$ cat protein34.pdb   # PDB, C-alpha atoms, pLDDT in the B column
MODEL        1
ATOM      1  CA  MET A  14      -6.416  27.282   7.571  1.00 75.00           C
ATOM      2  CA  THR A  15      -5.246  24.341   9.678  1.00 86.00           C
ATOM      3  CA  PRO A  16      -3.632  21.594   7.574  1.00 91.00           C
ATOM      4  CA  PRO A  17      -5.589  18.319   7.546  1.00 95.00           C
ATOM      5  CA  ARG A  18      -4.787  15.514   9.951  1.00 97.00           C
ATOM      6  CA  ILE A  19      -4.162  12.147   8.285  1.00 98.00           C
ATOM      7  CA  ALA A  20      -4.203   8.950  10.340  1.00 98.00           C
ATOM      8  CA  LEU A  21      -1.752   6.345   9.071  1.00 98.00           C
ATOM      9  CA  ILE A  22      -2.572   2.809  10.203  1.00 97.00           C
ATOM     10  CA  HIS A  23       0.181   0.213   9.853  1.00 95.00           C
ATOM     11  CA  ALA A  24       0.398  -3.570  10.186  1.00 92.00           C
ATOM     12  CA  LEU A  25       4.116  -3.750   9.339  1.00 88.00           C
ATOM     13  CA  LYS A  26       6.857  -1.639  10.915  1.00 90.00           C
ATOM     14  CA  GLU A  27       8.588  -1.579   7.525  1.00 89.00           C
ATOM     15  CA  SER A  28       5.653   0.329   5.996  1.00 91.00           C
ATOM     16  CA  GLN A  29       6.144   3.406   8.165  1.00 94.00           C
ATOM     17  CA  LEU A  30       9.300   5.034   6.808  1.00 93.00           C
ATOM     18  CA  PRO A  31       8.210   4.927   3.127  1.00 93.00           C
ATOM     19  CA  ILE A  32       4.952   6.752   3.802  1.00 96.00           C
ATOM     20  CA  TRP A  33       6.654   9.261   6.096  1.00 96.00           C
ATOM     21  CA  ASP A  34       9.137   9.965   3.296  1.00 95.00           C
ATOM     22  CA  ALA A  35       6.325  10.339   0.754  1.00 96.00           C
ATOM     23  CA  PHE A  36       4.508  12.888   2.902  1.00 97.00           C
ATOM     24  CA  ALA A  37       7.748  14.792   3.532  1.00 97.00           C
ATOM     25  CA  ALA A  38       8.422  14.992  -0.203  1.00 95.00           C
ATOM     26  CA  HIS A  39       4.907  15.533  -1.572  1.00 96.00           C
ATOM     27  CA  TRP A  40       2.751  17.005   1.205  1.00 96.00           C
ATOM     28  CA  PRO A  41       4.875  18.238   4.111  1.00 96.00           C
ATOM     29  CA  GLU A  42       2.098  20.511   5.411  1.00 96.00           C
ATOM     30  CA  ALA A  43      -0.186  17.591   6.274  1.00 97.00           C
ATOM     31  CA  ARG A  44      -0.326  16.527   9.914  1.00 97.00           C
ATOM     32  CA  THR A  45       0.157  12.780  10.173  1.00 97.00           C
ATOM     33  CA  THR A  46      -0.513  10.496  13.122  1.00 97.00           C
ATOM     34  CA  ASN A  47       0.415   6.816  13.362  1.00 97.00           C
ATOM     35  CA  LEU A  48      -1.216   3.665  14.696  1.00 96.00           C
ATOM     36  CA  LEU A  49       0.841   0.454  14.504  1.00 96.00           C
ATOM     37  CA  ASP A  50      -0.385  -3.077  15.231  1.00 95.00           C
ATOM     38  CA  ASP A  51       2.218  -5.375  13.707  1.00 92.00           C
ATOM     39  CA  SER A  52       0.553  -8.390  15.320  1.00 95.00           C
ATOM     40  CA  LEU A  53      -2.043  -8.123  12.533  1.00 93.00           C
ATOM     41  CA  SER A  54       0.434  -9.208   9.847  1.00 90.00           C
ATOM     42  CA  GLU A  55       1.766 -11.963  12.102  1.00 91.00           C
ATOM     43  CA  ASP A  56      -1.745 -13.244  12.778  1.00 93.00           C
ATOM     44  CA  LEU A  57      -2.720 -13.140   9.108  1.00 90.00           C
ATOM     45  CA  ALA A  58       0.361 -15.130   8.149  1.00 88.00           C
ATOM     46  CA  ALA A  59      -0.408 -17.674  10.879  1.00 91.00           C
ATOM     47  CA  GLU A  60      -4.128 -17.996  10.103  1.00 92.00           C
ATOM     48  CA  GLY A  61      -3.749 -17.951   6.335  1.00 87.00           C
ATOM     49  CA  GLU A  62      -6.935 -15.916   5.944  1.00 88.00           C
ATOM     50  CA  LEU A  63      -8.626 -12.780   7.192  1.00 89.00           C
ATOM     51  CA  THR A  64     -10.792 -13.658  10.205  1.00 94.00           C
ATOM     52  CA  ALA A  65     -13.791 -11.927  11.757  1.00 94.00           C
ATOM     53  CA  GLU A  66     -11.636 -11.077  14.759  1.00 95.00           C
ATOM     54  CA  MET A  67      -9.103  -9.274  12.548  1.00 94.00           C
ATOM     55  CA  MET A  68     -11.940  -7.414  10.815  1.00 95.00           C
ATOM     56  CA  GLY A  69     -13.111  -6.225  14.215  1.00 96.00           C
ATOM     57  CA  ARG A  70      -9.663  -4.971  15.085  1.00 96.00           C
ATOM     58  CA  PHE A  71      -9.563  -2.902  11.897  1.00 96.00           C
ATOM     59  CA  LEU A  72     -12.921  -1.343  12.735  1.00 97.00           C
ATOM     60  CA  THR A  73     -11.615  -0.505  16.207  1.00 97.00           C
ATOM     61  CA  LEU A  74      -8.507   1.176  14.754  1.00 97.00           C
ATOM     62  CA  GLY A  75     -10.537   3.117  12.178  1.00 97.00           C
ATOM     63  CA  ARG A  76     -13.093   4.325  14.709  1.00 98.00           C
ATOM     64  CA  TYR A  77     -10.360   5.384  17.114  1.00 97.00           C
ATOM     65  CA  ALA A  78      -8.650   7.420  14.391  1.00 97.00           C
ATOM     66  CA  ALA A  79     -11.925   9.072  13.399  1.00 97.00           C
ATOM     67  CA  ARG A  80     -12.779   9.971  17.012  1.00 96.00           C
ATOM     68  CA  ASN A  81      -9.289  11.425  17.365  1.00 94.00           C
ATOM     69  CA  GLY A  82     -10.046  14.180  14.876  1.00 95.00           C
ATOM     70  CA  SER A  83      -8.623  12.664  11.695  1.00 97.00           C
ATOM     71  CA  ASP A  84      -9.746  14.186   8.400  1.00 97.00           C
ATOM     72  CA  ALA A  85      -8.841  11.016   6.494  1.00 98.00           C
ATOM     73  CA  ILE A  86      -7.334   7.576   7.083  1.00 98.00           C
ATOM     74  CA  LEU A  87      -4.704   5.821   5.000  1.00 98.00           C
ATOM     75  CA  PHE A  88      -4.040   2.155   5.668  1.00 96.00           C
ATOM     76  CA  THR A  89      -0.537   1.037   4.729  1.00 93.00           C
ATOM     77  CA  CYS A  90      -1.151  -2.727   5.068  1.00 87.00           C
ATOM     78  CA  SER A  91      -1.875  -4.192   1.650  1.00 83.00           C
ATOM     79  CA  ALA A  92      -3.090  -7.681   2.638  1.00 83.00           C
ATOM     80  CA  PHE A  93      -6.282  -6.557   4.404  1.00 88.00           C
ATOM     81  CA  GLY A  94      -8.501  -5.249   1.621  1.00 86.00           C
ATOM     82  CA  LEU A  95     -11.801  -6.653   2.916  1.00 89.00           C
ATOM     83  CA  ALA A  96     -11.174  -5.272   6.401  1.00 93.00           C
ATOM     84  CA  ILE A  97     -10.347  -1.838   4.996  1.00 94.00           C
ATOM     85  CA  ALA A  98     -13.508  -1.953   2.847  1.00 92.00           C
ATOM     86  CA  ALA A  99     -15.505  -2.519   6.040  1.00 95.00           C
ATOM     87  CA  VAL A 100     -13.885   0.549   7.622  1.00 97.00           C
ATOM     88  CA  LYS A 101     -14.722   2.599   4.517  1.00 96.00           C
ATOM     89  CA  GLN A 102     -18.391   1.677   4.855  1.00 96.00           C
ATOM     90  CA  ASP A 103     -18.361   2.345   8.603  1.00 97.00           C
ATOM     91  CA  LEU A 104     -16.904   5.866   8.561  1.00 97.00           C
ATOM     92  CA  LYS A 105     -17.876   9.161   6.932  1.00 95.00           C
ATOM     93  CA  ILE A 106     -14.336  10.488   6.454  1.00 97.00           C
ATOM     94  CA  PRO A 107     -12.218   9.428   3.441  1.00 97.00           C
ATOM     95  CA  VAL A 108     -10.537   6.043   3.950  1.00 97.00           C
ATOM     96  CA  LEU A 109      -7.946   4.845   1.424  1.00 96.00           C
ATOM     97  CA  THR A 110      -6.604   1.382   0.840  1.00 93.00           C
ATOM     98  CA  PRO A 111      -2.835   1.285   0.343  1.00 92.00           C
ATOM     99  CA  ASN A 112      -3.082   0.397  -3.343  1.00 93.00           C
ATOM    100  CA  GLU A 113      -6.137   2.026  -4.882  1.00 93.00           C
ATOM    101  CA  ALA A 114      -4.315   5.194  -5.959  1.00 96.00           C
ATOM    102  CA  ALA A 115      -1.356   3.305  -7.453  1.00 96.00           C
ATOM    103  CA  PHE A 116      -3.722   1.002  -9.349  1.00 96.00           C
ATOM    104  CA  GLU A 117      -5.561   4.007 -10.770  1.00 96.00           C
ATOM    105  CA  ASP A 118      -2.245   5.527 -11.851  1.00 97.00           C
ATOM    106  CA  ALA A 119      -1.054   2.247 -13.377  1.00 96.00           C
ATOM    107  CA  LEU A 120      -4.256   1.736 -15.377  1.00 96.00           C
ATOM    108  CA  SER A 121      -3.770   5.155 -16.976  1.00 96.00           C
ATOM    109  CA  TYR A 122      -0.857   3.562 -18.875  1.00 96.00           C
ATOM    110  CA  GLY A 123      -2.753   0.495 -20.122  1.00 96.00           C
ATOM    111  CA  SER A 124      -4.385  -2.756 -19.062  1.00 95.00           C
ATOM    112  CA  ARG A 125      -1.322  -5.012 -18.691  1.00 96.00           C
ATOM    113  CA  ILE A 126      -0.177  -4.371 -15.139  1.00 97.00           C
ATOM    114  CA  GLY A 127       2.686  -6.038 -13.309  1.00 97.00           C
ATOM    115  CA  LEU A 128       2.148  -6.409  -9.575  1.00 97.00           C
ATOM    116  CA  LEU A 129       4.981  -7.293  -7.201  1.00 97.00           C
ATOM    117  CA  VAL A 130       4.701  -8.108  -3.494  1.00 96.00           C
ATOM    118  CA  THR A 131       7.099  -9.371  -0.841  1.00 95.00           C
ATOM    119  CA  PHE A 132       4.488 -10.511   1.717  1.00 90.00           C
ATOM    120  CA  GLY A 133       2.772 -13.645   0.428  1.00 89.00           C
ATOM    121  CA  PRO A 134      -0.743 -13.046   1.848  1.00 87.00           C
ATOM    122  CA  SER A 135      -0.908  -9.731  -0.036  1.00 86.00           C
ATOM    123  CA  LEU A 136      -0.726 -11.250  -3.502  1.00 91.00           C
ATOM    124  CA  GLY A 137      -4.189 -12.776  -3.901  1.00 88.00           C
ATOM    125  CA  ALA A 138      -5.979  -9.849  -2.266  1.00 86.00           C
ATOM    126  CA  LEU A 139      -4.186  -7.253  -4.363  1.00 90.00           C
ATOM    127  CA  GLN A 140      -4.563  -9.138  -7.627  1.00 91.00           C
ATOM    128  CA  ALA A 141      -8.313  -9.396  -6.992  1.00 88.00           C
ATOM    129  CA  GLU A 142      -8.491  -5.667  -6.148  1.00 87.00           C
ATOM    130  CA  LEU A 143      -6.626  -4.739  -9.316  1.00 91.00           C
ATOM    131  CA  GLU A 144      -8.703  -6.994 -11.556  1.00 89.00           C
ATOM    132  CA  ALA A 145     -11.904  -5.552 -10.054  1.00 86.00           C
ATOM    133  CA  ALA A 146     -10.768  -2.004 -10.832  1.00 85.00           C
ATOM    134  CA  GLN A 147     -11.156  -2.424 -14.600  1.00 85.00           C
ATOM    135  CA  PRO A 148     -12.949  -5.179 -16.546  1.00 83.00           C
ATOM    136  CA  ASN A 149     -10.225  -5.901 -19.114  1.00 90.00           C
ATOM    137  CA  VAL A 150      -7.168  -5.613 -16.872  1.00 93.00           C
ATOM    138  CA  ARG A 151      -4.506  -8.272 -17.228  1.00 92.00           C
ATOM    139  CA  ALA A 152      -2.631  -8.493 -13.952  1.00 92.00           C
ATOM    140  CA  GLU A 153       0.655 -10.341 -13.710  1.00 93.00           C
ATOM    141  CA  GLY A 154       1.210 -10.869 -10.002  1.00 94.00           C
ATOM    142  CA  ARG A 155       4.400 -12.179  -8.482  1.00 95.00           C
ATOM    143  CA  LEU A 156       5.854 -12.750  -5.014  1.00 97.00           C
ATOM    144  CA  VAL A 157       9.468 -11.609  -4.698  1.00 97.00           C
ATOM    145  CA  ALA A 158      10.596 -14.410  -2.411  1.00 96.00           C
ATOM    146  CA  GLY A 159      13.160 -13.548   0.243  1.00 97.00           C
ATOM    147  CA  ALA A 160      13.007  -9.786  -0.193  1.00 97.00           C
ATOM    148  CA  LEU A 161      10.967  -8.964   2.916  1.00 94.00           C
ATOM    149  CA  ALA A 162      13.026 -11.318   5.079  1.00 95.00           C
ATOM    150  CA  ALA A 163      16.168  -9.567   3.850  1.00 97.00           C
ATOM    151  CA  LEU A 164      14.739  -6.140   4.696  1.00 94.00           C
ATOM    152  CA  GLN A 165      13.646  -7.281   8.157  1.00 93.00           C
ATOM    153  CA  ALA A 166      17.152  -8.661   8.729  1.00 96.00           C
ATOM    154  CA  GLY A 167      18.664  -5.279   7.882  1.00 95.00           C
ATOM    155  CA  ASP A 168      19.846  -6.246   4.385  1.00 97.00           C
ATOM    156  CA  ALA A 169      18.157  -3.532   2.339  1.00 96.00           C
ATOM    157  CA  VAL A 170      20.630  -4.006  -0.535  1.00 96.00           C
ATOM    158  CA  THR A 171      19.455  -7.577  -1.146  1.00 97.00           C
ATOM    159  CA  HIS A 172      15.817  -6.487  -0.753  1.00 97.00           C
ATOM    160  CA  ASP A 173      16.240  -3.833  -3.449  1.00 96.00           C
ATOM    161  CA  ARG A 174      18.254  -6.122  -5.740  1.00 96.00           C
ATOM    162  CA  LEU A 175      15.634  -8.885  -5.684  1.00 97.00           C
ATOM    163  CA  ILE A 176      12.823  -6.450  -6.434  1.00 97.00           C
ATOM    164  CA  GLY A 177      14.848  -4.765  -9.180  1.00 96.00           C
ATOM    165  CA  ALA A 178      15.411  -8.108 -10.878  1.00 96.00           C
ATOM    166  CA  ALA A 179      11.688  -8.887 -10.716  1.00 96.00           C
ATOM    167  CA  VAL A 180      10.800  -5.502 -12.240  1.00 96.00           C
ATOM    168  CA  ALA A 181      13.273  -6.053 -15.064  1.00 94.00           C
ATOM    169  CA  ASP A 182      11.620  -9.397 -15.818  1.00 93.00           C
ATOM    170  CA  MET A 183       8.221  -7.765 -16.454  1.00 93.00           C
ATOM    171  CA  LYS A 184       9.062  -6.518 -19.925  1.00 87.00           C
ATOM    172  CA  ASP A 185       5.606  -6.871 -21.482  1.00 91.00           C
ATOM    173  CA  CYS A 186       3.708  -4.800 -18.916  1.00 96.00           C
ATOM    174  CA  ASP A 187       2.335  -1.315 -19.506  1.00 97.00           C
ATOM    175  CA  ALA A 188       3.222  -0.413 -15.911  1.00 97.00           C
ATOM    176  CA  VAL A 189       4.529  -2.157 -12.799  1.00 97.00           C
ATOM    177  CA  VAL A 190       3.261  -1.533  -9.271  1.00 97.00           C
ATOM    178  CA  LEU A 191       5.339  -2.229  -6.169  1.00 97.00           C
ATOM    179  CA  GLY A 192       2.383  -3.445  -4.143  1.00 95.00           C
ATOM    180  CA  GLN A 193       3.574  -2.748  -0.595  1.00 93.00           C
ATOM    181  CA  PHE A 194       4.681   0.433   1.116  1.00 92.00           C
ATOM    182  CA  SER A 195       7.771  -1.366   2.410  1.00 92.00           C
ATOM    183  CA  MET A 196       8.928  -1.938  -1.185  1.00 95.00           C
ATOM    184  CA  ALA A 197       9.037   1.723  -2.223  1.00 94.00           C
ATOM    185  CA  ARG A 198      12.736   2.149  -1.438  1.00 95.00           C
ATOM    186  CA  ALA A 199      13.556  -0.309  -4.255  1.00 96.00           C
ATOM    187  CA  ALA A 200      12.331   2.233  -6.831  1.00 95.00           C
ATOM    188  CA  ARG A 201      15.138   4.683  -6.032  1.00 91.00           C
ATOM    189  CA  GLY A 202      17.394   5.128  -9.016  1.00 85.00           C
ATOM    190  CA  TYR A 203      15.109   3.120 -11.325  1.00 91.00           C
ATOM    191  CA  ALA A 204      16.188   3.718 -14.917  1.00 89.00           C
ATOM    192  CA  GLY A 205      13.903   1.380 -16.851  1.00 90.00           C
ATOM    193  CA  THR A 206      11.413   2.433 -19.527  1.00 92.00           C
ATOM    194  CA  THR A 207       8.325   0.728 -18.064  1.00 94.00           C
ATOM    195  CA  PRO A 208       6.509   3.061 -15.638  1.00 96.00           C
ATOM    196  CA  LEU A 209       7.213   1.931 -12.066  1.00 97.00           C
ATOM    197  CA  LEU A 210       4.701   3.056  -9.446  1.00 97.00           C
ATOM    198  CA  THR A 211       5.046   3.035  -5.670  1.00 96.00           C
ATOM    199  CA  THR A 212       2.021   2.975  -3.408  1.00 95.00           C
ATOM    200  CA  PRO A 213       3.108   5.700  -0.930  1.00 96.00           C
ATOM    201  CA  VAL A 214       3.592   8.432  -3.538  1.00 95.00           C
ATOM    202  CA  SER A 215       0.348   7.624  -5.354  1.00 96.00           C
ATOM    203  CA  ALA A 216      -1.580   7.507  -2.065  1.00 97.00           C
ATOM    204  CA  VAL A 217      -0.283  10.859  -0.815  1.00 97.00           C
ATOM    205  CA  THR A 218      -1.054  12.486  -4.167  1.00 96.00           C
ATOM    206  CA  LYS A 219      -4.634  11.170  -4.163  1.00 97.00           C
ATOM    207  CA  LEU A 220      -5.267  12.136  -0.542  1.00 97.00           C
ATOM    208  CA  ARG A 221      -4.049  15.657  -1.161  1.00 96.00           C
ATOM    209  CA  ARG A 222      -6.354  15.934  -4.175  1.00 95.00           C
ATOM    210  CA  ILE A 223      -9.384  14.586  -2.248  1.00 95.00           C
ATOM    211  CA  LEU A 224      -8.967  16.905   0.722  1.00 94.00           C
ATOM    212  CA  ALA A 225      -8.322  19.944  -1.458  1.00 89.00           C
ATOM    213  CA  ALA A 226     -11.587  19.427  -3.351  1.00 77.00           C
TER     214      ALA A 226
ENDMDL
END

$ encode --input "protein34.pdb" --output "structure tokens"
Amino acid sequence: MTPPRIALIHALKESQLPIWDAFAAHWPEARTTNLLDDSLSEDLAAEGELTAEMMGRFLTLGRYAARNGSDAILFTCSAFGLAIAAVKQDLKIPVLTPNEAAFEDALSYGSRIGLLVTFGPSLGALQAELEAAQPNVRAEGRLVAGALAALQAGDAVTHDRLIGAAVADMKDCDAVVLGQFSMARAARGYAGTTPLLTTPVSAVTKLRRILAA
């Protein structure tokens, strides 16, 4: 049986390596393809909101991936929830948001969920997505200022240190989610007691389960 083909659609270059690593570790048999449009994140930051034009670009990317023989699509760009929802409705193949699997995993531990992001426009969209997932969820969202800029400048040590400090500060949470694929590297070596979830690993695990059903 031919392994499934998974289309990975990225809006940040920094999101690519974490999901590649997650597939290599947890589902190496899957065939992955990649579409990158990093102008989407730049345009969202400049506009301050998701526009109809950006929504159209997401539909174009999703339709292209589906026509290209993909069995499923995973978006790795966490700030575009409404656009990804439109792609889900438009296509018949499974389409996953970057965070839905990690949120499901986090809520299995309780209703007090810490949510960390490094890209400002992601915070409101992800907090709304998490709060919609379960009626009584209490989401504590926080932007880890300076971490993404450090990573983009090649200073991964500072990126990881800033995120680690933010995780340590969320002592009253049942679980903490690193809300962007680009943040996953900061979970390496984590030794805390609060469950710490990364979006790439949760997403790969859910996709594998869906396509095996």

$ closest_atom_pairs --input "protein34.pdb" --of "segment 74-108 of chain A" --to "segment 140-148 of chain A" --cutoff "12 Å" --atoms "all atoms listed in the file" --output "CSV"
residue,atom,partner,partner_atom,distance
A:Ser91,CA,A:Glu142,CA,10.3
A:Ala92,CA,A:Gln140,CA,10.5
A:Phe93,CA,A:Glu142,CA,10.8
A:Gly94,CA,A:Glu142,CA,7.8
A:Leu95,CA,A:Glu142,CA,9.7
A:Ile97,CA,A:Glu142,CA,11.9
A:Ala98,CA,A:Glu142,CA,10.9

$ residues_around --input "protein34.pdb" --residues "Leu128 of chain A" --least-positions-apart "4" --cutoff "12 Å" --atoms "only C-alpha atoms" --output "PyMOL selection string"
chain A and resi 112+115-116+119-120+135-144+150-157+176+179-180+182-183+186-193+196+209-212

$ atom_distance --input "protein34.pdb" --atom1 "atom CA of Ser28 of chain A" --atom2 "atom CA of Thr89 of chain A"
6.4 Å

$ closest_atom_pairs --input "protein34.pdb" --of "segment 81-137 of chain A" --to "segment 46-51 of chain A" --cutoff "10 Å" --atoms "all atoms listed in the file" --output "Markdown table"
| residue | atom | partner | partner_atom | distance |
| --- | --- | --- | --- | --- |
| A:Asn81 | CA | A:Thr46 | CA | 9.8 |
| A:Ser83 | CA | A:Thr46 | CA | 8.5 |
| A:Ile86 | CA | A:Thr46 | CA | 9.6 |
| A:Leu87 | CA | A:Asn47 | CA | 9.9 |
| A:Phe88 | CA | A:Leu48 | CA | 9.6 |
| A:Thr89 | CA | A:Leu49 | CA | 9.9 |
| A:Cys90 | CA | A:Asp51 | CA | 9.6 |

$ closest_residue --input "protein34.pdb" --among "A:Gly205, A:Pro31, A:Gly159, A:Gly82" --to "Pro111 of chain A" --atoms "all atoms listed in the file"
A:Pro31

$ closest_residue --input "protein34.pdb" --among "A:Leu57, A:Ile106, A:Ala78, A:Ala225" --to "Leu25 of chain A" --atoms "all atoms listed in the file"
A:Leu57

$ atom_distance --input "protein34.pdb" --atom1 "atom CA of Pro17 of chain A" --atom2 "atom CA of Ala85 of chain A"
8.1 Å

$ closest_residue --input "protein34.pdb" --among "A:Ala24, A:Pro107, A:Gly123, A:Met14" --to "Thr207 of chain A" --atoms "only C-alpha atoms"
A:Gly123

$ atom_distance --input "protein34.pdb" --atom1 "atom CA of Glu27 of chain A" --atom2 "atom CA of Asp56 of chain A"
16.4 Å

$ closest_atom_pairs --input "protein34.pdb" --of "segment 121-179 of chain A" --to "segment 199-203 of chain A" --cutoff "10 Å" --atoms "all atoms listed in the file" --output "tab-separated table"
residue	atom	partner	partner_atom	distance
A:Ala169	CA	A:Ala199	CA	8.7
A:Val170	CA	A:Ala199	CA	8.8
A:Thr171	CA	A:Ala199	CA	9.9
A:His172	CA	A:Ala199	CA	7.5
A:Asp173	CA	A:Ala199	CA	4.5
A:Arg174	CA	A:Ala199	CA	7.6
A:Leu175	CA	A:Ala199	CA	8.9
A:Ile176	CA	A:Ala199	CA	6.6
A:Gly177	CA	A:Ala199	CA	6.8

$ resolve_selection --input "protein34.pdb" --expression "the PyMOL selection byres ((chain A and resi 16) around 10)" --output "VMD selection string"
chain A and resid 14 to 15 17 to 19 41 to 45 84 224

$ closest_residue --input "protein34.pdb" --among "A:Ala96, A:Asp185, A:Leu30, A:Glu66" --to "Gly127 of chain A" --atoms "only C-alpha atoms"
A:Asp185

$ closest_residue --input "protein34.pdb" --among "A:Leu164, A:Leu53, A:Leu63, A:Ala226" --to "Arg198 of chain A" --atoms "all atoms listed in the file"
A:Leu164

$ closest_residue --input "protein34.pdb" --among "A:Ala58, A:Gly133, A:Ala35, A:Ala114" --to "Arg222 of chain A" --atoms "only C-alpha atoms"
A:Ala114

$ residues_around --input "protein34.pdb" --residues "Gln29 of chain A" --least-positions-apart "6" --cutoff "8 Å" --atoms "all atoms listed in the file" --output "PyMOL selection string"
chain A and resi 23+89+194-195

$ axis_aligned_box --input "protein34.pdb" --around "segment 186-189 of chain A" --padding-each-side "8 Å" --output "lines of an AutoDock Vina configuration file"
center_x = 3.4
center_y = -2.6
center_z = -16.2
size_x = 18.2
size_y = 20.4
size_z = 22.7

$ residues_around --input "protein34.pdb" --residues "Trp40 of chain A" --least-positions-apart "4" --cutoff "9 Å" --atoms "only C-alpha atoms" --output "list of chain:residue names"
A:Ala35, A:Phe36, A:Val217, A:Thr218, A:Arg221
